[in-house]
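The data block below is coords15.pdb; it holds PDB, C-alpha atoms (C1' of nucleotides).
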ATOM      1  CA  MET A   1      28.444 113.862 -33.989
ATOM      2  CA  PRO A   2      31.651 113.984 -31.974
ATOM      3  CA  TYR A   3      34.337 116.649 -32.117
ATOM      4  CA  MET A   4      31.852 119.367 -32.920
ATOM      5  CA  ASP A   5      33.446 121.427 -30.214
ATOM      6  CA  VAL A   6      36.338 123.304 -31.704
ATOM      7  CA  LYS A   7      38.083 123.736 -28.395
ATOM      8  CA  PRO A   8      38.113 120.577 -26.336
ATOM      9  CA  SER A   9      41.391 121.718 -24.805
ATOM     10  CA  ASP A  10      39.850 124.624 -22.983
ATOM     11  CA  LEU A  11      38.519 122.027 -20.621
ATOM     12  CA  GLU A  12      41.771 120.121 -20.420
ATOM     13  CA  TRP A  13      43.970 123.130 -19.789
ATOM     14  CA  LYS A  14      42.386 123.428 -16.388
ATOM     15  CA  LYS A  15      43.768 120.117 -15.287
ATOM     16  CA  GLY A  16      46.393 120.729 -12.680
ATOM     17  CA  SER A  17      45.815 124.459 -12.482
ATOM     18  CA  ALA A  18      43.254 124.064  -9.707
ATOM     19  CA  GLU A  19      45.857 123.605  -6.994
ATOM     20  CA  LEU A  20      47.584 126.843  -7.846
ATOM     21  CA  LEU A  21      44.269 128.688  -8.018
ATOM     22  CA  ILE A  22      43.091 127.516  -4.617
ATOM     23  CA  LEU A  23      46.406 128.073  -2.876
ATOM     24  CA  SER A  24      46.524 131.592  -4.316
ATOM     25  CA  LEU A  25      42.998 132.413  -3.208
ATOM     26  CA  VAL A  26      43.544 131.430   0.403
ATOM     27  CA  GLU A  27      46.877 133.198   0.571
ATOM     28  CA  ALA A  28      45.627 136.530   1.882
ATOM     29  CA  ARG A  29      42.990 135.096   4.204
ATOM     30  CA  PRO A  30      41.012 131.915   4.907
ATOM     31  CA  ARG A  31      38.136 131.214   2.555
ATOM     32  CA  HIS A  32      35.484 128.539   2.208
ATOM     33  CA  GLY A  33      34.852 126.340  -0.806
ATOM     34  CA  TYR A  34      31.858 128.079  -2.230
ATOM     35  CA  GLU A  35      33.596 131.440  -1.939
ATOM     36  CA  ILE A  36      36.616 130.084  -3.772
ATOM     37  CA  SER A  37      34.521 128.761  -6.635
ATOM     38  CA  LYS A  38      32.751 132.126  -6.993
ATOM     39  CA  LEU A  39      36.040 134.016  -6.893
ATOM     40  CA  ILE A  40      37.504 131.905  -9.669
ATOM     41  CA  GLU A  41      34.561 132.657 -11.903
ATOM     42  CA  GLN A  42      34.495 136.350 -11.084
ATOM     43  CA  ARG A  43      38.199 137.074 -11.398
ATOM     44  CA  SER A  44      38.480 135.130 -14.627
ATOM     45  CA  GLY A  45      35.493 136.906 -16.092
ATOM     46  CA  GLY A  46      33.810 133.545 -16.576
ATOM     47  CA  ALA A  47      36.764 132.145 -18.526
ATOM     48  CA  VAL A  48      37.540 129.603 -15.843
ATOM     49  CA  HIS A  49      35.009 127.607 -13.909
ATOM     50  CA  PHE A  50      35.581 124.818 -11.423
ATOM     51  CA  HIS A  51      32.697 122.594 -10.543
ATOM     52  CA  VAL A  52      32.103 121.927  -6.899
ATOM     53  CA  ALA A  53      32.508 118.229  -7.614
ATOM     54  CA  SER A  54      36.128 119.001  -8.434
ATOM     55  CA  LEU A  55      36.639 121.645  -5.819
ATOM     56  CA  TYR A  56      35.604 119.964  -2.578
ATOM     57  CA  PRO A  57      37.569 116.755  -3.110
ATOM     58  CA  LEU A  58      40.583 118.869  -4.027
ATOM     59  CA  LEU A  59      40.245 120.857  -0.809
ATOM     60  CA  TYR A  60      40.282 117.579   1.144
ATOM     61  CA  ARG A  61      43.394 116.459  -0.711
ATOM     62  CA  LEU A  62      45.198 119.720  -0.031
ATOM     63  CA  GLU A  63      44.273 119.522   3.627
ATOM     64  CA  LYS A  64      45.424 115.900   3.792
ATOM     65  CA  ARG A  65      48.770 116.953   2.374
ATOM     66  CA  GLY A  66      49.080 119.615   5.031
ATOM     67  CA  TRP A  67      49.012 122.538   2.621
ATOM     68  CA  LEU A  68      45.689 123.833   3.909
ATOM     69  CA  GLN A  69      44.017 123.635   7.260
ATOM     70  CA  GLY A  70      40.233 123.648   7.458
ATOM     71  CA  ARG A  71      37.994 124.801  10.254
ATOM     72  CA  TRP A  72      34.230 124.727  10.583
ATOM     73  CA  VAL A  73      32.609 128.063  11.292
ATOM     74  CA  GLU A  74      28.970 128.358  12.302
ATOM     75  CA  LYS A  75      27.215 131.664  12.450
ATOM     76  CA  SER A  76      23.572 132.307  13.084
ATOM     77  CA  GLY A  77      21.829 133.297   9.901
ATOM     78  CA  GLN A  78      24.334 131.278   7.858
ATOM     79  CA  ARG A  79      24.876 127.727   6.799
ATOM     80  CA  ARG A  80      27.971 126.173   8.299
ATOM     81  CA  ARG A  81      31.109 126.840   6.313
ATOM     82  CA  ARG A  82      34.516 125.252   6.265
ATOM     83  CA  TYR A  83      37.222 127.887   6.058
ATOM     84  CA  TYR A  84      40.606 126.865   4.744
ATOM     85  CA  ARG A  85      43.777 128.713   5.589
ATOM     86  CA  LEU A  86      47.227 128.298   4.092
ATOM     87  CA  THR A  87      49.721 126.437   6.288
ATOM     88  CA  PRO A  88      53.427 127.382   6.352
ATOM     89  CA  GLN A  89      54.129 124.364   4.177
ATOM     90  CA  GLY A  90      51.320 125.377   1.827
ATOM     91  CA  ARG A  91      52.915 128.788   1.531
ATOM     92  CA  LYS A  92      56.166 127.233   0.353
ATOM     93  CA  ILE A  93      54.316 125.038  -2.113
ATOM     94  CA  LEU A  94      52.444 128.058  -3.441
ATOM     95  CA  ALA A  95      55.674 129.959  -4.048
ATOM     96  CA  SER A  96      57.107 126.926  -5.784
ATOM     97  CA  GLN A  97      54.017 126.433  -7.920
ATOM     98  CA  ARG A  98      53.950 130.096  -8.912
ATOM     99  CA  ARG A  99      57.516 129.792 -10.170
ATOM    100  CA  GLY A 100      56.728 126.506 -11.880
ATOM    101  CA  TRP A 101      53.698 127.956 -13.600
ATOM    102  CA  GLN A 102      55.735 130.896 -14.927
ATOM    103  CA  THR A 103      58.408 128.565 -16.247
ATOM    104  CA  PHE A 104      55.808 126.348 -17.843
ATOM    105  CA  VAL A 105      53.966 129.198 -19.567
ATOM    106  CA  GLU A 106      57.203 130.650 -20.878
ATOM    107  CA  ALA A 107      58.190 127.245 -22.238
ATOM    108  CA  ILE A 108      54.839 126.756 -23.952
ATOM    109  CA  ASN A 109      55.015 130.238 -25.427
ATOM    110  CA  ARG A 110      58.502 129.603 -26.732
ATOM    111  CA  ILE A 111      57.406 126.386 -28.399
ATOM    112  CA  THR A 112      54.177 127.669 -29.863
ATOM    113  CA  GLU A 113      55.501 130.960 -31.145
ATOM    114  CA  VAL A 114      54.941 131.552 -34.827
ATOM    115  CA  GLU A 115      58.154 130.696 -36.623
ATOM    116  CA  HIS A 116      59.834 133.711 -38.099
ATOM    117  CA  ALA A 117      61.087 132.965 -41.598
TER     118      ALA A 117
ATOM    119  CA  MET B   1      56.114 108.124   1.534
ATOM    120  CA  PRO B   2      53.681 109.830  -0.845
ATOM    121  CA  TYR B   3      53.633 113.510  -1.746
ATOM    122  CA  MET B   4      57.362 113.845  -1.422
ATOM    123  CA  ASP B   5      57.369 115.616  -4.731
ATOM    124  CA  VAL B   6      56.743 119.256  -4.075
ATOM    125  CA  LYS B   7      55.446 119.917  -7.553
ATOM    126  CA  PRO B   8      53.021 117.264  -8.751
ATOM    127  CA  SER B   9      51.260 119.889 -10.820
ATOM    128  CA  ASP B  10      54.168 120.404 -13.118
ATOM    129  CA  LEU B  11      53.169 117.095 -14.580
ATOM    130  CA  GLU B  12      49.490 117.918 -14.669
ATOM    131  CA  TRP B  13      49.866 121.293 -16.319
ATOM    132  CA  LYS B  14      50.874 119.543 -19.477
ATOM    133  CA  LYS B  15      47.505 117.905 -19.797
ATOM    134  CA  GLY B  16      45.751 119.455 -22.708
ATOM    135  CA  SER B  17      48.672 121.578 -23.813
ATOM    136  CA  ALA B  18      49.955 118.829 -26.077
ATOM    137  CA  GLU B  19      47.494 119.608 -28.870
ATOM    138  CA  LEU B  20      48.579 123.221 -29.065
ATOM    139  CA  LEU B  21      52.242 122.241 -29.005
ATOM    140  CA  ILE B  22      51.939 119.735 -31.836
ATOM    141  CA  LEU B  23      49.781 121.933 -34.027
ATOM    142  CA  SER B  24      52.262 124.780 -33.560
ATOM    143  CA  LEU B  25      55.245 122.630 -34.434
ATOM    144  CA  VAL B  26      53.820 121.374 -37.714
ATOM    145  CA  GLU B  27      52.640 124.824 -38.703
ATOM    146  CA  ALA B  28      55.694 125.873 -40.682
ATOM    147  CA  ARG B  29      56.390 122.480 -42.245
ATOM    148  CA  PRO B  30      55.546 118.791 -41.867
ATOM    149  CA  ARG B  31      57.331 116.970 -39.098
ATOM    150  CA  HIS B  32      57.439 113.412 -37.771
ATOM    151  CA  GLY B  33      56.668 112.274 -34.235
ATOM    152  CA  TYR B  34      60.186 111.788 -32.981
ATOM    153  CA  GLU B  35      61.226 115.163 -34.343
ATOM    154  CA  ILE B  36      58.278 116.806 -32.581
ATOM    155  CA  SER B  37      59.166 115.229 -29.244
ATOM    156  CA  LYS B  38      62.784 116.369 -29.575
ATOM    157  CA  LEU B  39      61.735 119.897 -30.532
ATOM    158  CA  ILE B  40      59.492 120.188 -27.492
ATOM    159  CA  GLU B  41      62.355 119.252 -25.210
ATOM    160  CA  GLN B  42      64.868 121.492 -26.931
ATOM    161  CA  ARG B  43      62.745 124.613 -27.223
ATOM    162  CA  SER B  44      61.511 124.330 -23.652
ATOM    163  CA  GLY B  45      65.019 123.848 -22.372
ATOM    164  CA  GLY B  46      63.962 120.523 -20.883
ATOM    165  CA  ALA B  47      61.067 122.096 -18.972
ATOM    166  CA  VAL B  48      58.482 120.227 -21.032
ATOM    167  CA  HIS B  49      58.706 116.627 -22.125
ATOM    168  CA  PHE B  50      56.108 114.464 -23.799
ATOM    169  CA  HIS B  51      56.463 110.730 -23.702
ATOM    170  CA  VAL B  52      55.950 108.774 -26.856
ATOM    171  CA  ALA B  53      53.078 106.952 -25.221
ATOM    172  CA  SER B  54      51.266 110.284 -25.172
ATOM    173  CA  LEU B  55      52.588 111.644 -28.414
ATOM    174  CA  TYR B  56      51.844 108.956 -30.965
ATOM    175  CA  PRO B  57      48.267 108.279 -29.874
ATOM    176  CA  LEU B  58      47.676 112.025 -29.913
ATOM    177  CA  LEU B  59      49.000 112.284 -33.446
ATOM    178  CA  TYR B  60      46.514 109.594 -34.499
ATOM    179  CA  ARG B  61      43.693 111.473 -32.805
ATOM    180  CA  LEU B  62      44.603 114.724 -34.495
ATOM    181  CA  GLU B  63      44.777 112.979 -37.859
ATOM    182  CA  LYS B  64      41.446 111.275 -37.214
ATOM    183  CA  ARG B  65      39.892 114.663 -36.520
ATOM    184  CA  GLY B  66      41.250 115.988 -39.785
ATOM    185  CA  TRP B  67      43.547 118.552 -38.191
ATOM    186  CA  LEU B  68      46.691 116.788 -39.384
ATOM    187  CA  GLN B  69      47.433 114.625 -42.371
ATOM    188  CA  GLY B  70      50.126 111.990 -42.107
ATOM    189  CA  ARG B  71      52.265 110.494 -44.839
ATOM    190  CA  TRP B  72      54.916 107.771 -44.702
ATOM    191  CA  VAL B  73      58.304 108.754 -46.042
ATOM    192  CA  GLU B  74      61.021 106.205 -46.661
ATOM    193  CA  LYS B  75      64.560 107.199 -47.456
ATOM    194  CA  SER B  76      67.558 104.949 -47.770
ATOM    195  CA  GLY B  77      69.778 105.275 -44.732
ATOM    196  CA  GLN B  78      66.770 106.181 -42.605
ATOM    197  CA  ARG B  79      64.062 104.410 -40.734
ATOM    198  CA  ARG B  80      60.604 105.074 -42.133
ATOM    199  CA  ARG B  81      59.017 108.197 -40.764
ATOM    200  CA  ARG B  82      55.476 109.459 -40.700
ATOM    201  CA  TYR B  83      55.368 113.149 -41.500
ATOM    202  CA  TYR B  84      52.354 115.137 -40.372
ATOM    203  CA  ARG B  85      51.264 118.344 -42.027
ATOM    204  CA  LEU B  86      48.668 120.822 -40.876
ATOM    205  CA  THR B  87      45.369 120.708 -42.777
ATOM    206  CA  PRO B  88      43.369 123.872 -43.511
ATOM    207  CA  GLN B  89      40.991 122.875 -40.736
ATOM    208  CA  GLY B  90      43.935 122.246 -38.426
ATOM    209  CA  ARG B  91      45.171 125.739 -39.180
ATOM    210  CA  LYS B  92      41.894 127.218 -38.018
ATOM    211  CA  ILE B  93      41.931 125.124 -34.871
ATOM    212  CA  LEU B  94      45.486 126.222 -34.164
ATOM    213  CA  ALA B  95      44.544 129.889 -34.408
ATOM    214  CA  SER B  96      41.594 129.263 -32.136
ATOM    215  CA  GLN B  97      43.680 127.358 -29.611
ATOM    216  CA  ARG B  98      46.354 130.052 -29.575
ATOM    217  CA  ARG B  99      43.698 132.615 -28.671
ATOM    218  CA  GLY B 100      42.166 130.257 -26.122
ATOM    219  CA  TRP B 101      45.530 129.618 -24.507
ATOM    220  CA  GLN B 102      46.211 133.334 -24.194
ATOM    221  CA  THR B 103      42.834 133.934 -22.605
ATOM    222  CA  PHE B 104      43.341 131.055 -20.227
ATOM    223  CA  VAL B 105      46.792 132.165 -19.114
ATOM    224  CA  GLU B 106      45.604 135.723 -18.547
ATOM    225  CA  ALA B 107      42.698 134.428 -16.467
ATOM    226  CA  ILE B 108      44.948 132.233 -14.352
ATOM    227  CA  ASN B 109      47.384 135.078 -13.841
ATOM    228  CA  ARG B 110      44.581 137.385 -12.800
ATOM    229  CA  ILE B 111      43.335 134.882 -10.227
ATOM    230  CA  THR B 112      46.709 133.914  -8.828
ATOM    231  CA  GLU B 113      48.152 137.397  -8.603
ATOM    232  CA  VAL B 114      49.371 138.368  -5.176
ATOM    233  CA  GLU B 115      46.675 140.458  -3.523
ATOM    234  CA  HIS B 116      47.752 144.044  -3.059
ATOM    235  CA  ALA B 117      46.792 145.240   0.408
TER     236      ALA B 117
ATOM    237  C1'  DC C   1       2.971 129.453   4.640
ATOM    238  C1'  DG C   2       4.648 127.369   0.581
ATOM    239  C1'  DT C   3       7.744 127.580  -3.152
ATOM    240  C1'  DC C   4      11.718 128.914  -5.404
ATOM    241  C1'  DC C   5      16.388 130.621  -5.506
ATOM    242  C1'  DA C   6      21.033 131.352  -3.649
ATOM    243  C1'  DT C   7      24.049 129.536  -0.458
ATOM    244  C1'  DA C   8      26.976 125.594   1.097
ATOM    245  C1'  DT C   9      28.831 121.025   1.382
ATOM    246  C1'  DA C  10      29.129 116.193  -0.265
ATOM    247  C1'  DT C  11      29.669 111.859  -3.292
ATOM    248  C1'  DG C  12      29.495 107.924  -6.889
ATOM    249  C1'  DG C  13      30.542 106.892 -11.458
ATOM    250  C1'  DC C  14      32.440 108.357 -15.863
ATOM    251  C1'  DA C  15      35.762 110.257 -19.406
ATOM    252  C1'  DT C  16      40.085 112.092 -20.658
ATOM    253  C1'  DG C  17      44.791 112.127 -21.072
ATOM    254  C1'  DG C  18      49.544 111.517 -19.625
ATOM    255  C1'  DC C  19      52.874 107.898 -17.898
ATOM    256  C1'  DA C  20      55.540 103.589 -17.050
ATOM    257  C1'  DA C  21      56.807  99.632 -19.125
ATOM    258  C1'  DC C  22      57.359  97.008 -22.779
ATOM    259  C1'  DA C  23      57.980  95.971 -27.753
ATOM    260  C1'  DT C  24      59.916  96.224 -32.553
ATOM    261  C1'  DA C  25      63.133  97.954 -36.300
ATOM    262  C1'  DT C  26      66.875 100.352 -38.538
ATOM    263  C1'  DT C  27      71.272 102.771 -38.801
ATOM    264  C1'  DA C  28      75.829 104.069 -37.096
ATOM    265  C1'  DC C  29      79.944 103.477 -34.565
ATOM    266  C1'  DG C  30      83.644 101.247 -32.249
TER     267       DG C  30
ATOM    268  C1'  DC D   1      78.806  92.032 -32.230
ATOM    269  C1'  DG D   2      77.175  95.125 -28.729
ATOM    270  C1'  DT D   3      75.510  99.517 -27.789
ATOM    271  C1'  DA D   4      73.456 103.858 -28.579
ATOM    272  C1'  DA D   5      70.485 106.869 -31.210
ATOM    273  C1'  DT D   6      66.694 106.999 -34.132
ATOM    274  C1'  DA D   7      61.731 105.940 -34.923
ATOM    275  C1'  DT D   8      57.232 104.013 -34.179
ATOM    276  C1'  DG D   9      53.777 101.418 -31.503
ATOM    277  C1'  DT D  10      50.669  99.318 -27.472
ATOM    278  C1'  DT D  11      48.712  97.887 -22.904
ATOM    279  C1'  DG D  12      47.306  99.042 -18.544
ATOM    280  C1'  DC D  13      47.390 102.225 -14.730
ATOM    281  C1'  DC D  14      46.478 106.571 -12.311
ATOM    282  C1'  DA D  15      45.271 111.373 -11.460
ATOM    283  C1'  DT D  16      42.008 114.859 -12.224
ATOM    284  C1'  DG D  17      38.004 117.115 -13.661
ATOM    285  C1'  DC D  18      32.900 116.601 -14.862
ATOM    286  C1'  DC D  19      27.912 115.137 -14.598
ATOM    287  C1'  DA D  20      24.305 114.022 -11.871
ATOM    288  C1'  DT D  21      22.472 113.768  -7.662
ATOM    289  C1'  DA D  22      21.822 114.607  -2.743
ATOM    290  C1'  DT D  23      21.301 117.198   1.616
ATOM    291  C1'  DA D  24      20.388 121.369   4.259
ATOM    292  C1'  DT D  25      19.583 126.359   5.450
ATOM    293  C1'  DG D  26      18.054 131.133   4.847
ATOM    294  C1'  DG D  27      15.700 134.893   2.406
ATOM    295  C1'  DA D  28      12.361 136.752  -0.891
ATOM    296  C1'  DC D  29       7.978 136.778  -2.889
ATOM    297  C1'  DG D  30       3.223 135.946  -3.422
TER     298       DG D  30
END
Could you take the file, read its structure, and then write that structure out as structure tokens?
Amino acid sequence: MPYMDVKPSDLEWKKGSAELLILSLVEARPRHGYEISKLIEQRSGGAVHFHVASLYPLLYRLEKRGWLQGRWVEKSGQRRRRYYRLTPQGRKILASQRRGWQTFVEAINRITEVEHA
Amino acid sequence: MPYMDVKPSDLEWKKGSAELLILSLVEARPRHGYEISKLIEQRSGGAVHFHVASLYPLLYRLEKRGWLQGRWVEKSGQRRRRYYRLTPQGRKILASQRRGWQTFVEAINRITEVEHA
DNA sequence: CGTCCATATATGGCATGGCAACATATTACG
DNA sequence: CGTAATATGTTGCCATGCCATATATGGACG
């Protein structure tokens, strides 16, 4: 039976938000993919979850665009990790996306507000 | 040259928000597709725009799911219009989606907040 | 020492949903 | 009569996220 799930949109809302999330999380310091995915879950209290199958390809895309720069780090007693840091261009994009997200949310709120009389 | 657009996500953010927008707009009274698309543009100040190629198929989906009920209305001096009204089930879904949207936005904001020291 | 779990990265194929482009009608206005 | 605004509709493409699966390492436990 399809459409049993009352909230299919919860899944769809995520689309496009991943970029902003990742850029934000590597703003303060470089992080690796797995760390980013854990942070998203923790900080959202489980409300938002990005699968690794979405995350890694997205990291490659962001690096390809020059917004992130990745670097392999190998430490004894650890599996190799690829740390991504925000490039100057990425920093500009992040600022722009933060503004855009605010504008978007305000617009959605304005439209979906309960009509008063 | 690809990726010239600094904000590809602005387009992606919309994905999934359309359901909430439409359900909200037919909450107070029945509306037809064209009216809904105009309202979205007006109330968002042009920040959000849904193309008809997204809108009409979505209206059919929502009707198919029993969240909306459509009805043709013909008036002299007007092209025929299909007015959609919110069903009782649709009303429940709308309430649920409003809550879900709030939760989602709060989660995103929490994750993307600038880190304080 | 073997097994299981958490860590960590990677990929092929699928589903969803918005968009561009195109298409059809009707009414109003000059 | 041409053009714009209104109003609905469809086909095919593309971007993005998900599922399932795969590989590899280290630590804990028995």
Per residue of chain D within 9 Å of chain A, record the nearest atom pair and its distance in Å to one decimal, counting all atoms listed in the file, with rows in chain order and ascending residue number, as CSV.
residue,atom,partner,partner_atom,distance
D:DT16,C1',A:Lys15,CA,6.3
D:DG17,C1',A:Ser54,CA,5.9
D:DC18,C1',A:His51,CA,7.4
D:DC19,C1',A:Ala53,CA,8.9
D:DA24,C1',A:Arg79,CA,8.2
D:DT25,C1',A:Arg79,CA,5.6
D:DG26,C1',A:Gly77,CA,6.7
Any chance you can output those residues with C-alpha atoms (C1' of nucleotides) as a PDB file, keeping the file's coordinate frame?
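Heads up, here's the output in out29.pdb:
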ATOM      1  C1'  DT D  16      42.008 114.859 -12.224  1.00  0.00           C
ATOM      2  C1'  DG D  17      38.004 117.115 -13.661  1.00  0.00           C
ATOM      3  C1'  DC D  18      32.900 116.601 -14.862  1.00  0.00           C
ATOM      4  C1'  DC D  19      27.912 115.137 -14.598  1.00  0.00           C
ATOM      5  C1'  DA D  24      20.388 121.369   4.259  1.00  0.00           C
ATOM      6  C1'  DT D  25      19.583 126.359   5.450  1.00  0.00           C
ATOM      7  C1'  DG D  26      18.054 131.133   4.847  1.00  0.00           C
TER       8       DG D  26
END
Should the cut-off be 12 Å, what would the residue list for chain C against chain A look like, counting all atoms listed in the file, as a list in words?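 Every residue meeting the condition is included here: DA6, DT7, DA8, DT9, DA10, DT11, DG12, DA15, DT16, DG17 and DG18 of chain C.
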What's around Gly90 (chain A) at 9 Å? Count all atoms listed in the file, leave out sequence neighbours fewer than 6 positions away in its own chain, and write the answer as a PyMOL selection string. chain A and resi 23+62+65-68
Hey, list the chain B side of the contact with chain A: 8 Å cut-off, all atoms listed in the file, answer as an MDAnalysis selection string. chainID B and resid 3 6:7 9:17 19:21 24:25 28 40 43:45 47:48 65 93 96:97 100:101 103:105 107:108 110:115
Give as a VMD selection string every residue, naming chains and numbers as the document does, that has an atom within 10 Å of (55.6, 94.4, -17.9), counting all atoms listed in the file. (chain C and resid 20 to 22) or (chain D and resid 11 to 12)
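Taking CA of Gly70 (chain B) and CA of Arg85 (chain B) as endpoints, the distance between them is 6.5 Å.
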Quick check, in Å to one decimal: how far apart do C1' of DG13 (chain C) and C1' of DT21 (chain D) lie?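 Straight-line distance from C1' of DG13 (chain C) to C1' of DT21 (chain D) works out to 11.3 Å.
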What are the centre and the three edge lengths of an axis-aligned box that wraps all atoms of region 13-19 of chain C in the file, given that 4 Å is added to every side, written as AutoDock Vina command-line options and rounded to one decimal in Å?
--center_x 41.7 --center_y 109.5 --center_z -16.3 --size_x 30.3 --size_y 13.2 --size_z 17.6
Could you list, as an NGL selection string, every residue matched by the PyMOL selection byres ((chain D and resi 30) around 10) in this structure? (:C and (2-3)) or (:D and (28-29))
Just checking: using all atoms listed in the file, which residue out of A:Tyr60, A:Glu74, A:Arg29, A:Gln69 ends up closest to Gln89 (chain A)? A:Gln69
Skip DA4 (chain D) itself and residues of its chain fewer than 6 positions away, then list as a compact mmCIF listing (two decimals) with C-alpha atoms (C1' of nucleotides), in the frame of the given file all residues within 12 Å of it, counting only C-alpha atoms (C1' of nucleotides).
# COMPACT_ATOMS: atom_id res chain seq x y z
C1' DT C 27 71.27 102.77 -38.80
C1' DA C 28 75.83 104.07 -37.10
C1' DC C 29 79.94 103.48 -34.56
C1' DG C 30 83.64 101.25 -32.25
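Interatomic distance, CA of Ile36 (chain B) to CA of Arg71 (chain B): 15.0 Å.
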